[in-house]
Amino acid sequence: MLASRTVVEQTCALWDLIHDQSHALGDLPFDPFMIRQRAPFWMYAIEELRVDVRAFGEAHRLAREGFPFARNVCWAIVLDRILRFPITGSRARNYDALGGQILFGALHQSDAVLWRDNHLEIRWDALPAAMAALDAEIHTLYKIGAEYSRVALWLAAHEFVSRHVHPNVGSRWKPGVLPDESDPKAWLALALDDEFPLGNFHLMLGRKLRVEG
């Protein structure tokens with residue numbers, strides 16, 4: 001794929017098309033197009049991941065139907081999300097990085113991605129099922145979001161992320177840390193800039209790329 005700029009451009013165009021349309025589809029407990037509703041930052045990390053997980057599923061379906069470049073979209077989503085996004089940019093409330101961390105964590109926990117003997121292995125045949133399971137998790141979170149208050153949904157989302165990315169040991173995001181939810185801004189102020197630090201795999205990857213670059 002990387003040998004042809006045309007193939008890369010067509011792959012990214014198809015990915016972007018499905019990605020952008022997916023923001024308006026499904027259960028939507030908040031408006032993903034309103035910047036003020038992207039806080040706390042892990043809410044938008046989940047939203048960006050949600051539409052890419054859906055894009056993977058659609059691309060996988062198109063690939064089975066013989067659509068050109070669709071399989072490349074599957075590869076691009078997984079590789080870009082788990083390798084480039086987490087180690088790119090600042091660690092301060094970087095929702096794109098966090099989305100990649102969540103994806104890596106979910107795929108690693110399901111053994112669709114293995115890191116053994118200092119070697120990364122992606123089990124491409126296991127990816128569709130692992131991505132579908134992650135999609136179901138996010139769907140459940142968004143479904144209950146219609147019934148939950150804002151702060152309750154933020155806490156549920158924090159718990160979801162924490163299943164795949166260990167939160168900062170100094171995190172204060174726990175039920176009961178404040179007496180009530182009457183002031184959502186007070187809850188937002190509790191979020192650390194690096195609420196979900198990089199795991200050891202991404203720390204190693206970042207160091208390796210900096211040295212070799």
# chains A, B, ... in the order shown; residues from 1 in each chain; ligands from 1
>>> select_by_dssp(residues="region 33-204 of chain A", states="alpha helix (DSSP H)", output="count of residues only")
91
>>> residues_around(residues="Trp75 (chain A)", least_positions_apart="5", cutoff="12 Å", atoms="only C-alpha atoms", output="ChimeraX atom specification")
/A:1-2,8,11-12,15,52,55-57,59-60,63,69-70,80-83,122-125,127-128
>>> closest_residue(among="A:Glu9, A:Glu121, A:Asp27, A:Glu65", to="Ala136 (chain A)", atoms="only C-alpha atoms")
A:Asp27
>>> residues_around(residues="region 141-158 of chain A", least_positions_apart="3", cutoff="8 Å", atoms="only C-alpha atoms", output="list in words")
Asp27, Leu28, Pro29, Pro40, Trp42, Met43, Glu137, Ile138, Val161, Ser162, Trp173, Lys174, Pro175, Glu181, Pro184 and Trp187 of chain A
>>> closest_residue(among="A:Phe196, A:Leu203, A:Ala126, A:Leu107", to="Ala92 (chain A)", atoms="only C-alpha atoms")
A:Phe196
>>> residues_around(residues="Ser110 (chain A)", least_positions_apart="5", cutoff="10 Å", atoms="only C-alpha atoms", output="PDB file with N, CA and C atoms, in the first residue's frame")
ATOM      1  N   PHE A 104      -5.563   0.005  21.298  1.00  0.00           N
ATOM      2  CA  PHE A 104      -4.469  -0.936  21.564  1.00  0.00           C
ATOM      3  C   PHE A 104      -4.809  -1.819  22.761  1.00  0.00           C
ATOM      4  N   GLY A 105      -5.295  -1.192  23.832  1.00  0.00           N
ATOM      5  CA  GLY A 105      -5.619  -1.961  25.025  1.00  0.00           C
ATOM      6  C   GLY A 105      -6.657  -3.032  24.760  1.00  0.00           C
ATOM      7  N   ALA A 126      -8.178 -12.273  13.631  1.00  0.00           N
ATOM      8  CA  ALA A 126      -8.903 -12.081  14.887  1.00  0.00           C
ATOM      9  C   ALA A 126      -9.437 -10.661  15.045  1.00  0.00           C
ATOM     10  N   LEU A 127      -8.994  -9.752  14.194  1.00  0.00           N
ATOM     11  CA  LEU A 127      -9.378  -8.350  14.350  1.00  0.00           C
ATOM     12  C   LEU A 127     -10.875  -8.097  14.222  1.00  0.00           C
ATOM     13  N   ALA A 129     -13.579  -9.751  14.957  1.00  0.00           N
ATOM     14  CA  ALA A 129     -14.323 -10.095  16.170  1.00  0.00           C
ATOM     15  C   ALA A 129     -13.950  -9.170  17.328  1.00  0.00           C
ATOM     16  N   ALA A 130     -12.666  -8.846  17.449  1.00  0.00           N
ATOM     17  CA  ALA A 130     -12.220  -7.961  18.526  1.00  0.00           C
ATOM     18  C   ALA A 130     -12.779  -6.553  18.344  1.00  0.00           C
ATOM     19  N   MET A 131     -12.793  -6.076  17.110  1.00  0.00           N
ATOM     20  CA  MET A 131     -13.350  -4.750  16.839  1.00  0.00           C
ATOM     21  C   MET A 131     -14.856  -4.740  17.075  1.00  0.00           C
ATOM     22  N   ALA A 133     -16.457  -6.546  19.241  1.00  0.00           N
ATOM     23  CA  ALA A 133     -16.658  -6.552  20.691  1.00  0.00           C
ATOM     24  C   ALA A 133     -16.468  -5.153  21.273  1.00  0.00           C
ATOM     25  N   LEU A 134     -15.462  -4.433  20.788  1.00  0.00           N
ATOM     26  CA  LEU A 134     -15.236  -3.061  21.242  1.00  0.00           C
ATOM     27  C   LEU A 134     -16.388  -2.164  20.820  1.00  0.00           C
TER      28      LEU A 134
END
>>> residues_around(residues="Pro197 (chain A)", least_positions_apart="3", cutoff="7 Å", atoms="only C-alpha atoms", output="list in words")
Pro167, Asn168 and Asp194 of chain A
>>> residues_around(residues="Ala189 (chain A)", least_positions_apart="5", cutoff="12 Å", atoms="only C-alpha atoms", output="PyMOL selection string")
chain A and resi 39-41+171-173+178+183-184+195
>>> closest_residue(among="A:Ala132, A:Leu120, A:Leu17, A:Val165", to="Gly100 (chain A)", atoms="only C-alpha atoms")
A:Val165
